[in-house]
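Chemist: Before anything else, here's the structure in question.
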Amino acid sequence: MLNIKSTYKSLDIEEWFDIYFTRPVGYVMALVFNKFNVHPNIVTILSMLLGIMAGIMFYHSDLQHNIWGIVFLMLANFCDSCDGQLARMAHKSSQWGRILDGFAGDVWFFCIYFAISCRLFHHDIPFTHTEWQWLAFVLCTTSGVFFHARQCQLSDYYRNIHLYFLPDIKSELNFSTVEQQHLDNTPKKGNFWWRLFLRSYVSYTRSQEKMTPRFQQMIKYIREVRNDIVSDDFRTDFRAQSLPLMKYANIVTINCRIFTLFFACLIDQPWLYPVVEMTVFAGIAGYMRHRHEKMCATFYEKLKQGKY
(Lines give C-alpha, C1' and ligand atoms only; values in the text may rest on other atoms or scores of the structure.)
Protein backbone atom coordinates (compact mmCIF):
# COMPACT_ATOMS: atom_id res chain seq x y z
CA MET A 1 0.00 0.00 0.00
CA LEU A 2 1.32 3.42 -0.93
CA ASN A 3 1.84 5.95 1.86
CA ILE A 4 0.24 9.36 1.60
CA LYS A 5 3.30 11.09 0.10
CA SER A 6 3.35 8.50 -2.67
CA THR A 7 -0.06 9.73 -3.80
CA TYR A 8 1.19 13.30 -4.36
CA LYS A 9 2.37 14.42 -7.78
CA SER A 10 5.26 16.29 -6.17
CA LEU A 11 5.75 18.31 -2.98
CA ASP A 12 7.03 21.10 -5.24
CA ILE A 13 3.50 21.90 -6.38
CA GLU A 14 1.49 21.01 -3.27
CA GLU A 15 -0.07 23.78 -1.17
CA TRP A 16 0.41 23.74 2.60
CA PHE A 17 -3.38 23.63 3.12
CA ASP A 18 -3.61 20.56 0.89
CA ILE A 19 -0.63 18.87 2.55
CA TYR A 20 -2.00 19.27 6.07
CA PHE A 21 -5.74 19.08 5.42
CA THR A 22 -7.13 18.24 1.97
CA ARG A 23 -4.65 15.50 1.02
CA PRO A 24 -4.90 13.58 4.34
CA VAL A 25 -8.72 13.56 4.10
CA GLY A 26 -8.52 12.59 0.43
CA TYR A 27 -6.05 9.83 1.29
CA VAL A 28 -8.38 8.28 3.88
CA MET A 29 -11.23 8.45 1.37
CA ALA A 30 -8.97 6.86 -1.28
CA LEU A 31 -8.16 3.97 1.08
CA VAL A 32 -11.87 3.32 1.65
CA PHE A 33 -12.77 3.59 -2.04
CA ASN A 34 -9.84 1.36 -2.98
CA LYS A 35 -10.95 -1.26 -0.48
CA PHE A 36 -14.33 -1.44 -2.23
CA ASN A 37 -12.72 -1.29 -5.68
CA VAL A 38 -14.41 2.01 -6.60
CA HIS A 39 -13.01 3.45 -9.82
CA PRO A 40 -11.44 6.95 -9.59
CA ASN A 41 -13.79 8.23 -12.31
CA ILE A 42 -16.79 7.42 -10.08
CA VAL A 43 -15.25 9.62 -7.38
CA THR A 44 -14.79 12.39 -9.96
CA ILE A 45 -18.46 12.16 -10.93
CA LEU A 46 -19.37 12.30 -7.22
CA SER A 47 -17.32 15.50 -6.89
CA MET A 48 -19.24 16.91 -9.85
CA LEU A 49 -22.60 16.21 -8.20
CA LEU A 50 -21.44 17.73 -4.90
CA GLY A 51 -20.26 20.85 -6.77
CA ILE A 52 -23.70 21.18 -8.37
CA MET A 53 -25.32 20.91 -4.93
CA ALA A 54 -22.98 23.65 -3.67
CA GLY A 55 -24.12 25.92 -6.50
CA ILE A 56 -27.76 25.32 -5.60
CA MET A 57 -27.06 26.24 -1.97
CA PHE A 58 -25.20 29.44 -2.91
CA TYR A 59 -28.29 30.67 -4.76
CA HIS A 60 -29.90 31.38 -1.39
CA SER A 61 -28.99 34.40 0.74
CA ASP A 62 -29.60 32.93 4.21
CA LEU A 63 -26.74 31.71 6.38
CA GLN A 64 -27.93 28.10 6.67
CA HIS A 65 -27.98 27.48 2.92
CA ASN A 66 -24.58 29.13 2.50
CA ILE A 67 -23.06 26.96 5.22
CA TRP A 68 -24.42 23.91 3.38
CA GLY A 69 -22.90 25.32 0.20
CA ILE A 70 -19.52 25.47 1.92
CA VAL A 71 -19.93 21.89 3.18
CA PHE A 72 -20.86 20.56 -0.26
CA LEU A 73 -18.01 22.40 -1.98
CA MET A 74 -15.47 21.19 0.59
CA LEU A 75 -16.70 17.62 0.08
CA ALA A 76 -16.38 18.13 -3.68
CA ASN A 77 -12.83 19.37 -3.14
CA PHE A 78 -12.01 16.32 -1.00
CA CYS A 79 -13.31 14.07 -3.78
CA ASP A 80 -11.27 16.06 -6.31
CA SER A 81 -8.15 15.34 -4.26
CA CYS A 82 -9.18 11.75 -3.64
CA ASP A 83 -9.72 10.75 -7.28
CA GLY A 84 -6.13 11.53 -8.24
CA GLN A 85 -4.72 9.89 -5.11
CA LEU A 86 -6.91 6.83 -5.70
CA ALA A 87 -5.82 6.64 -9.35
CA ARG A 88 -2.15 6.62 -8.35
CA MET A 89 -2.80 4.23 -5.46
CA ALA A 90 -4.74 1.74 -7.60
CA HIS A 91 -2.62 2.30 -10.75
CA LYS A 92 -5.70 3.44 -12.65
CA SER A 93 -4.48 6.80 -13.96
CA SER A 94 -5.75 7.57 -17.45
CA GLN A 95 -6.17 10.45 -19.86
CA TRP A 96 -9.93 9.97 -19.68
CA GLY A 97 -9.73 10.44 -15.92
CA ARG A 98 -7.64 13.59 -16.21
CA ILE A 99 -9.99 15.15 -18.77
CA LEU A 100 -13.03 14.20 -16.66
CA ASP A 101 -11.35 15.67 -13.58
CA GLY A 102 -10.87 19.02 -15.31
CA PHE A 103 -14.44 18.94 -16.61
CA ALA A 104 -15.76 18.34 -13.08
CA GLY A 105 -14.19 21.58 -11.86
CA ASP A 106 -15.78 23.44 -14.77
CA VAL A 107 -19.19 22.03 -13.80
CA TRP A 108 -18.73 23.20 -10.18
CA PHE A 109 -18.01 26.75 -11.11
CA PHE A 110 -20.54 26.98 -13.94
CA CYS A 111 -23.24 26.15 -11.40
CA ILE A 112 -21.76 28.55 -8.85
CA TYR A 113 -21.57 31.45 -11.33
CA PHE A 114 -25.12 30.77 -12.47
CA ALA A 115 -26.33 30.65 -8.85
CA ILE A 116 -24.57 33.94 -8.00
CA SER A 117 -26.07 35.59 -11.09
CA CYS A 118 -29.59 34.48 -10.13
CA ARG A 119 -29.02 35.48 -6.49
CA LEU A 120 -27.91 38.99 -7.48
CA PHE A 121 -30.64 39.54 -10.08
CA HIS A 122 -33.05 41.49 -7.84
CA HIS A 123 -30.39 42.88 -5.50
CA ASP A 124 -29.14 46.44 -5.76
CA ILE A 125 -25.70 47.17 -7.19
CA PRO A 126 -23.57 48.39 -4.23
CA PHE A 127 -23.89 52.10 -3.44
CA THR A 128 -26.81 52.47 -5.87
CA HIS A 129 -30.57 51.91 -5.97
CA THR A 130 -30.33 50.04 -9.29
CA GLU A 131 -30.88 46.29 -9.42
CA TRP A 132 -28.22 44.06 -10.94
CA GLN A 133 -30.66 42.18 -13.16
CA TRP A 134 -28.92 40.93 -16.36
CA LEU A 135 -25.73 42.80 -15.47
CA ALA A 136 -25.16 40.07 -12.88
CA PHE A 137 -24.97 37.46 -15.67
CA VAL A 138 -22.62 39.72 -17.64
CA LEU A 139 -20.37 40.09 -14.59
CA CYS A 140 -20.24 36.37 -13.80
CA THR A 141 -19.90 35.26 -17.43
CA THR A 142 -17.04 37.70 -18.00
CA SER A 143 -15.33 36.59 -14.82
CA GLY A 144 -15.82 32.88 -15.48
CA VAL A 145 -14.92 32.75 -19.18
CA PHE A 146 -12.25 35.42 -19.54
CA PHE A 147 -10.61 35.32 -16.10
CA HIS A 148 -11.33 32.14 -14.12
CA ALA A 149 -10.85 29.75 -17.05
CA ARG A 150 -7.64 31.40 -18.29
CA GLN A 151 -6.15 31.67 -14.80
CA CYS A 152 -6.77 28.00 -14.05
CA GLN A 153 -5.51 26.89 -17.47
CA LEU A 154 -2.31 28.87 -17.00
CA SER A 155 -1.61 27.70 -13.45
CA ASP A 156 -2.32 24.06 -14.37
CA TYR A 157 0.03 24.39 -17.34
CA TYR A 158 2.85 25.92 -15.30
CA ARG A 159 2.66 23.19 -12.70
CA ASN A 160 2.85 20.51 -15.39
CA ILE A 161 5.76 22.32 -17.03
CA HIS A 162 7.52 22.32 -13.66
CA LEU A 163 6.95 18.57 -13.27
CA TYR A 164 8.07 17.92 -16.86
CA PHE A 165 11.66 18.83 -16.01
CA LEU A 166 11.83 17.04 -12.66
CA PRO A 167 13.64 13.69 -12.73
CA ASP A 168 11.60 10.57 -11.98
CA ILE A 169 8.31 12.52 -11.93
CA LYS A 170 5.46 11.80 -14.31
CA SER A 171 4.19 15.04 -15.78
CA GLU A 172 0.79 15.46 -17.41
CA LEU A 173 2.14 18.06 -19.82
CA ASN A 174 0.50 17.46 -23.18
CA PHE A 175 0.87 19.01 -26.62
CA SER A 176 -2.03 20.01 -28.86
CA THR A 177 -0.42 18.43 -31.94
CA VAL A 178 -0.16 15.07 -30.16
CA GLU A 179 -3.72 15.31 -28.84
CA GLN A 180 -5.02 16.31 -32.28
CA GLN A 181 -3.33 13.26 -33.78
CA HIS A 182 -4.93 11.13 -31.07
CA LEU A 183 -8.32 12.61 -31.98
CA ASP A 184 -7.76 12.06 -35.71
CA ASN A 185 -6.80 8.42 -35.09
CA THR A 186 -9.88 7.70 -32.96
CA PRO A 187 -12.66 6.09 -35.05
CA LYS A 188 -15.88 8.08 -35.16
CA LYS A 189 -18.09 5.03 -34.86
CA GLY A 190 -18.83 4.15 -31.25
CA ASN A 191 -16.61 6.89 -29.82
CA PHE A 192 -18.88 9.94 -29.81
CA TRP A 193 -18.35 10.94 -26.17
CA TRP A 194 -14.64 10.11 -26.14
CA ARG A 195 -14.08 12.16 -29.30
CA LEU A 196 -16.09 15.02 -27.78
CA PHE A 197 -13.86 14.99 -24.71
CA LEU A 198 -10.74 14.78 -26.87
CA ARG A 199 -11.90 17.69 -29.03
CA SER A 200 -12.45 19.73 -25.87
CA TYR A 201 -9.00 18.75 -24.59
CA VAL A 202 -7.30 19.75 -27.85
CA SER A 203 -8.93 23.17 -27.55
CA TYR A 204 -7.82 23.37 -23.91
CA THR A 205 -4.17 22.59 -24.69
CA ARG A 206 -4.13 25.01 -27.63
CA SER A 207 -5.41 27.76 -25.35
CA GLN A 208 -2.59 27.05 -22.90
CA GLU A 209 -0.03 27.13 -25.69
CA LYS A 210 -1.31 30.46 -27.05
CA MET A 211 -0.80 32.05 -23.64
CA THR A 212 2.83 30.85 -23.38
CA PRO A 213 4.70 31.77 -26.62
CA ARG A 214 8.17 31.93 -25.01
CA PHE A 215 7.78 28.52 -23.44
CA GLN A 216 6.55 27.12 -26.77
CA GLN A 217 9.69 28.47 -28.41
CA MET A 218 11.88 26.83 -25.76
CA ILE A 219 10.10 23.46 -25.69
CA LYS A 220 10.03 23.27 -29.49
CA TYR A 221 13.82 23.68 -29.53
CA ILE A 222 14.22 21.02 -26.82
CA ARG A 223 11.94 18.53 -28.57
CA GLU A 224 13.08 19.07 -32.16
CA VAL A 225 16.76 19.99 -31.80
CA ARG A 226 17.69 18.25 -28.56
CA ASN A 227 15.40 15.23 -29.08
CA ASP A 228 13.71 16.04 -25.78
CA ILE A 229 16.98 15.56 -23.91
CA VAL A 230 18.31 18.19 -21.48
CA SER A 231 21.18 18.13 -19.03
CA ASP A 232 20.87 17.71 -15.27
CA ASP A 233 22.21 21.24 -14.88
CA PHE A 234 19.33 22.55 -16.97
CA ARG A 235 16.80 20.62 -14.90
CA THR A 236 18.32 21.92 -11.66
CA ASP A 237 18.42 25.54 -12.81
CA PHE A 238 14.93 25.42 -14.33
CA ARG A 239 13.47 23.97 -11.13
CA ALA A 240 15.22 26.62 -9.03
CA GLN A 241 13.64 29.44 -11.04
CA SER A 242 10.27 27.78 -11.60
CA LEU A 243 9.69 26.72 -7.99
CA PRO A 244 9.07 30.26 -6.60
CA LEU A 245 6.32 30.70 -9.20
CA MET A 246 4.40 27.66 -7.97
CA LYS A 247 3.01 29.63 -5.03
CA TYR A 248 1.35 32.02 -7.51
CA ALA A 249 0.02 29.08 -9.53
CA ASN A 250 -1.53 27.66 -6.38
CA ILE A 251 -3.11 30.97 -5.36
CA VAL A 252 -5.12 31.22 -8.58
CA THR A 253 -6.31 27.62 -8.66
CA ILE A 254 -8.69 26.36 -5.99
CA ASN A 255 -8.09 27.02 -2.28
CA CYS A 256 -7.77 30.82 -2.27
CA ARG A 257 -10.54 30.94 -4.82
CA ILE A 258 -13.05 28.98 -2.75
CA PHE A 259 -12.12 30.80 0.46
CA THR A 260 -12.89 34.08 -1.33
CA LEU A 261 -16.19 32.61 -2.51
CA PHE A 262 -17.07 31.43 1.01
CA PHE A 263 -16.36 34.85 2.51
CA ALA A 264 -18.34 36.71 -0.18
CA CYS A 265 -21.38 34.46 0.18
CA LEU A 266 -21.37 34.40 3.99
CA ILE A 267 -21.49 38.21 4.17
CA ASP A 268 -24.16 38.16 1.43
CA GLN A 269 -22.02 40.10 -1.02
CA PRO A 270 -21.44 37.40 -3.69
CA TRP A 271 -20.52 40.03 -6.31
CA LEU A 272 -17.19 40.36 -4.47
CA TYR A 273 -16.07 36.96 -5.72
CA PRO A 274 -16.05 37.74 -9.49
CA VAL A 275 -14.69 41.24 -8.80
CA VAL A 276 -11.74 39.83 -6.81
CA GLU A 277 -11.22 37.29 -9.58
CA MET A 278 -11.00 40.02 -12.23
CA THR A 279 -8.67 42.21 -10.18
CA VAL A 280 -6.55 40.49 -7.51
CA PHE A 281 -6.32 37.03 -9.10
CA ALA A 282 -5.88 38.56 -12.56
CA GLY A 283 -2.97 40.64 -11.29
CA ILE A 284 -1.29 37.61 -9.71
CA ALA A 285 -1.79 35.51 -12.84
CA GLY A 286 -0.43 38.29 -15.04
CA TYR A 287 2.66 38.66 -12.87
CA MET A 288 3.22 34.90 -12.87
CA ARG A 289 2.91 34.76 -16.65
CA HIS A 290 5.34 37.67 -17.12
CA ARG A 291 8.00 36.05 -14.95
CA HIS A 292 7.57 32.59 -16.46
CA GLU A 293 7.76 33.86 -20.04
CA LYS A 294 10.85 35.92 -19.23
CA MET A 295 12.45 32.89 -17.60
CA CYS A 296 11.73 30.67 -20.62
CA ALA A 297 13.15 33.27 -23.03
CA THR A 298 16.38 33.33 -21.02
CA PHE A 299 16.69 29.55 -20.95
CA TYR A 300 15.98 29.37 -24.68
CA GLU A 301 18.88 31.72 -25.43
CA LYS A 302 21.20 29.74 -23.16
CA LEU A 303 20.18 26.47 -24.83
CA LYS A 304 20.93 27.91 -28.27
CA GLN A 305 24.30 29.12 -27.04
CA GLY A 306 25.16 25.62 -25.81
CA LYS A 307 25.36 26.57 -22.14
CA TYR A 308 23.36 23.44 -21.21
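Scheme for the C-alpha coordinates: letters A, B, ... for chains in order shown; per-chain residue numbers from 1; ligand numbers from 1 in order shown.
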From the DSSP assignment of the backbone, select every residue of range 263-307 of chain A that is helix (DSSP H, G or I), and format the answer as a VMD selection string.
Modeler: chain A and resid 263 to 266 272 to 304
Chemist: Residues at most 9 Å from range 294-299 of chain A, counting only C-alpha atoms, excluding those fewer than 2 positions away in the same chain, as a list in words?
Modeler: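 So, after excluding close chain neighbours, the residues are Arg214, Phe215, Gln216, Gln217, Met218, Ile219, Phe234, Phe238, Gln241, Ser242, Arg289, His290, Arg291, His292, Glu301, Lys302, Leu303 and Lys304 of chain A.
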Chemist: Could you make a table, as a tab-separated table, of the residues of range 132-248 of chain A that have an atom within 10 Å of an atom of range 95-102 of chain A, each with its nearest atom pair and distance in Å to one decimal, counting only C-alpha atoms, in chain and number order?
Modeler:
residue	atom	partner	partner_atom	distance
A:Cys152	CA	A:Gly102	CA	10.0
A:Gln153	CA	A:Gly102	CA	9.8
A:Asp156	CA	A:Gly102	CA	10.0
A:Glu172	CA	A:Arg98	CA	8.7
A:Trp194	CA	A:Trp96	CA	8.0
A:Phe197	CA	A:Ile99	CA	7.1
A:Leu198	CA	A:Ile99	CA	8.1
A:Ser200	CA	A:Ile99	CA	8.8
A:Tyr201	CA	A:Ile99	CA	6.9
A:Tyr204	CA	A:Ile99	CA	9.9
Chemist: Write the selection just made, keeping N, CA and C atoms, as a PDB file, in the first residue's frame?
Modeler:
ATOM      1  N   CYS A 152      -6.931  29.409 -14.415  1.00  0.00           N
ATOM      2  CA  CYS A 152      -6.766  28.000 -14.049  1.00  0.00           C
ATOM      3  C   CYS A 152      -5.998  27.227 -15.119  1.00  0.00           C
ATOM      4  N   GLN A 153      -6.257  27.527 -16.382  1.00  0.00           N
ATOM      5  CA  GLN A 153      -5.513  26.894 -17.470  1.00  0.00           C
ATOM      6  C   GLN A 153      -4.021  27.194 -17.342  1.00  0.00           C
ATOM      7  N   ASP A 156      -2.432  25.506 -14.146  1.00  0.00           N
ATOM      8  CA  ASP A 156      -2.322  24.059 -14.374  1.00  0.00           C
ATOM      9  C   ASP A 156      -1.162  23.758 -15.332  1.00  0.00           C
ATOM     10  N   GLU A 172       1.959  15.575 -16.545  1.00  0.00           N
ATOM     11  CA  GLU A 172       0.788  15.457 -17.407  1.00  0.00           C
ATOM     12  C   GLU A 172       0.801  16.538 -18.477  1.00  0.00           C
ATOM     13  N   TRP A 194     -16.099  10.040 -26.292  1.00  0.00           N
ATOM     14  CA  TRP A 194     -14.643  10.110 -26.138  1.00  0.00           C
ATOM     15  C   TRP A 194     -14.062  11.140 -27.104  1.00  0.00           C
ATOM     16  N   PHE A 197     -14.797  14.631 -25.765  1.00  0.00           N
ATOM     17  CA  PHE A 197     -13.860  14.989 -24.710  1.00  0.00           C
ATOM     18  C   PHE A 197     -12.490  15.327 -25.292  1.00  0.00           C
ATOM     19  N   LEU A 198     -12.046  14.523 -26.251  1.00  0.00           N
ATOM     20  CA  LEU A 198     -10.741  14.776 -26.869  1.00  0.00           C
ATOM     21  C   LEU A 198     -10.728  16.117 -27.597  1.00  0.00           C
ATOM     22  N   SER A 200     -12.490  18.707 -26.914  1.00  0.00           N
ATOM     23  CA  SER A 200     -12.448  19.731 -25.873  1.00  0.00           C
ATOM     24  C   SER A 200     -11.032  19.867 -25.308  1.00  0.00           C
ATOM     25  N   TYR A 201     -10.351  18.728 -25.163  1.00  0.00           N
ATOM     26  CA  TYR A 201      -9.001  18.752 -24.590  1.00  0.00           C
ATOM     27  C   TYR A 201      -7.997  19.361 -25.565  1.00  0.00           C
ATOM     28  N   TYR A 204      -8.385  22.958 -25.205  1.00  0.00           N
ATOM     29  CA  TYR A 204      -7.818  23.369 -23.909  1.00  0.00           C
ATOM     30  C   TYR A 204      -6.299  23.525 -24.006  1.00  0.00           C
TER      31      TYR A 204
END
Chemist: Which residue, A:Ile56, A:Leu196, A:Leu243, A:Met89, has the smallest gap to Lys5 in chain A when you use only C-alpha atoms?
Modeler: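 So, comparing all the options, the nearest one is A:Met89.
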Chemist: What does the structure give for the distance between CA of Asn227 in chain A and CA of Ile161 in chain A, in Å to one decimal?
Modeler: 17.0 Å
Chemist: From the list A:Cys265, A:Val225, A:Val252, A:Cys82, which residue is nearest Ile284 in chain A when using only C-alpha atoms?
Modeler: A:Val252
Chemist: Can you tell me how far CA of Trp16 in chain A sits from CA of Pro244 in chain A, in Å to one decimal?
Modeler: 14.2 Å
Chemist: Would you pick out the contacts of range 139-143 of chain A at 7 Å or less, using only C-alpha atoms, so that residues sharing its chain but fewer than 6 positions from it are not included, and give the list as a list in words?
Modeler: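 Non-adjacent residues within range: Tyr113, Ser117, Pro274, Glu277 and Met278 of chain A.
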Chemist: For Gly283 in chain A, which residue among A:Leu46, A:Ile251, A:Ile267, A:Val138 is the nearest when counting only C-alpha atoms?
Modeler: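 Among the listed residues, the smallest separation from Gly283 in chain A belongs to A:Ile251.
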